[in-house]
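Here's the structure, in structure tokens; my notes come after.
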Amino acid sequence: MSYQGITPPIPHLPWYAVRIRSRYEKTAASVLEAREISHYLPVRSVMRQWSDRKQKVDFPLFPGYLFVQLHLHSQHKLKVLSTPGVVGFVENRLGPLPIPGHEIESVRKVIETNAECSPHAVLKQGDPVRIVRGPLAGVEGTLLRLGSKSRLVVTIELIQRAISVEMPENYVELLATAPNHVIDPAWSRDRPLGSFSATPQN
């Protein structure tokens with residue numbers, strides 16, 4: 001099923017978020033595939049215990065949303081809006097809002113490396129970072145501390161959804177988007193979630 005990946009990505013074409021009725025995400029993705037519309041429905045596999053067996057079940061990573069790649073002035077927009085389960089585009093008064101391609105690519109890369117990830121609330125604190133080594137090198141996100149483990153939060157800002165993935169603390173570097181901050185290495189395990197600190201330079 002195509003809902004497990006981007007099918008097919010088109011270079012330099014904008015991505016847009018589409019709102020989907022509850023539990024219609026996979027149905028909508030299948031119809032978009034049949035209509036040959038580039039789309040992406042990130043999913044995660046969860047092991048479920050039934051009375052007689054265990055089975056992996058795929059769930060949408062961002063329930064109620066999927067992503068499409070298209071020209072807004074093409075007939076594809078009408079095909080998306082007429083897809084079963086589609087409620088509409090995420091938009092403002094000027095129309096659908098584009099999503100930066102690197103955000104979609106970061107989510108895709110986390111999923112394709114089979115890293116352990118899960119839905120995560122979008123943080124309002126923490127530093128923007130980039131992973132510099134390992135299979136996720138190049139992925140950007142927000143660093144936070146959870147107990148004794150470090151995690152990177154990868155965010156789709158437009159729909160305020162995110163996933164988090166565990167990694168070694170020395171795998172990341174501070175992004176140039178925060179030029180006036182340096183990382184404070186003093187961690188405290190009893191800090192609240194997302195309390196990774198940054199200290200302004202004097």
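Each chain in the structure tokens gets a letter, A, B, ..., in the order shown, and its residues are numbered from 1; ligands are numbered from 1 in order too.
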
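Backbone DSSP over segment 54-151 of chain A yields helix (DSSP H, G or I) at His76, Lys77, Leu78, Lys79, Val80, Leu81, Gly101, His102, Glu103, Ile104, Glu105, Ser106, Val107, Arg108, Lys109, Val110, Ile111 and Glu112 of chain A.
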
Exercise for the section: Could you give me, as a list in words, the residues within 12 Å of Glu157 of chain A, counting only C-alpha atoms and dropping anything in the same chain fewer than 2 positions from it? Expected result: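 Result of the neighbour search: Tyr16, Ala17, Val90, Leu97, Pro98, Ile99, Pro100, Gly101, His102, Glu103, Ile104, Ala121, Val122, Leu123, Lys124, Gly141, Thr142, Val153, Val154, Thr155, Ile159, Gln160, Arg161, Ala162 and Ile163 of chain A.
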
Practice task
Between A:Ile37, A:Leu136, A:Arg93, A:Glu25, single out the one closest to Ser74 of chain A, counting only C-alpha atoms.
Solution key: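 Ranked by minimum distance to Ser74 of chain A, first place goes to A:Ile37.
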
Could you name the residues that touch Ser22 of chain A at 9 Å or less, counting only C-alpha atoms, but leaving out those on the same chain fewer than 6 positions away, as a PDB file with C-alpha atoms, in the first residue's frame?
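Output file result_30.pdb follows:
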```pdb
ATOM      1  CA  PRO A  63      -4.003  11.206  12.867  1.00  0.00           C
ATOM      2  CA  GLY A  64      -6.357  13.383  10.857  1.00  0.00           C
ATOM      3  CA  GLY A  85     -12.582  11.332   3.833  1.00  0.00           C
TER       4      GLY A  85
END
```
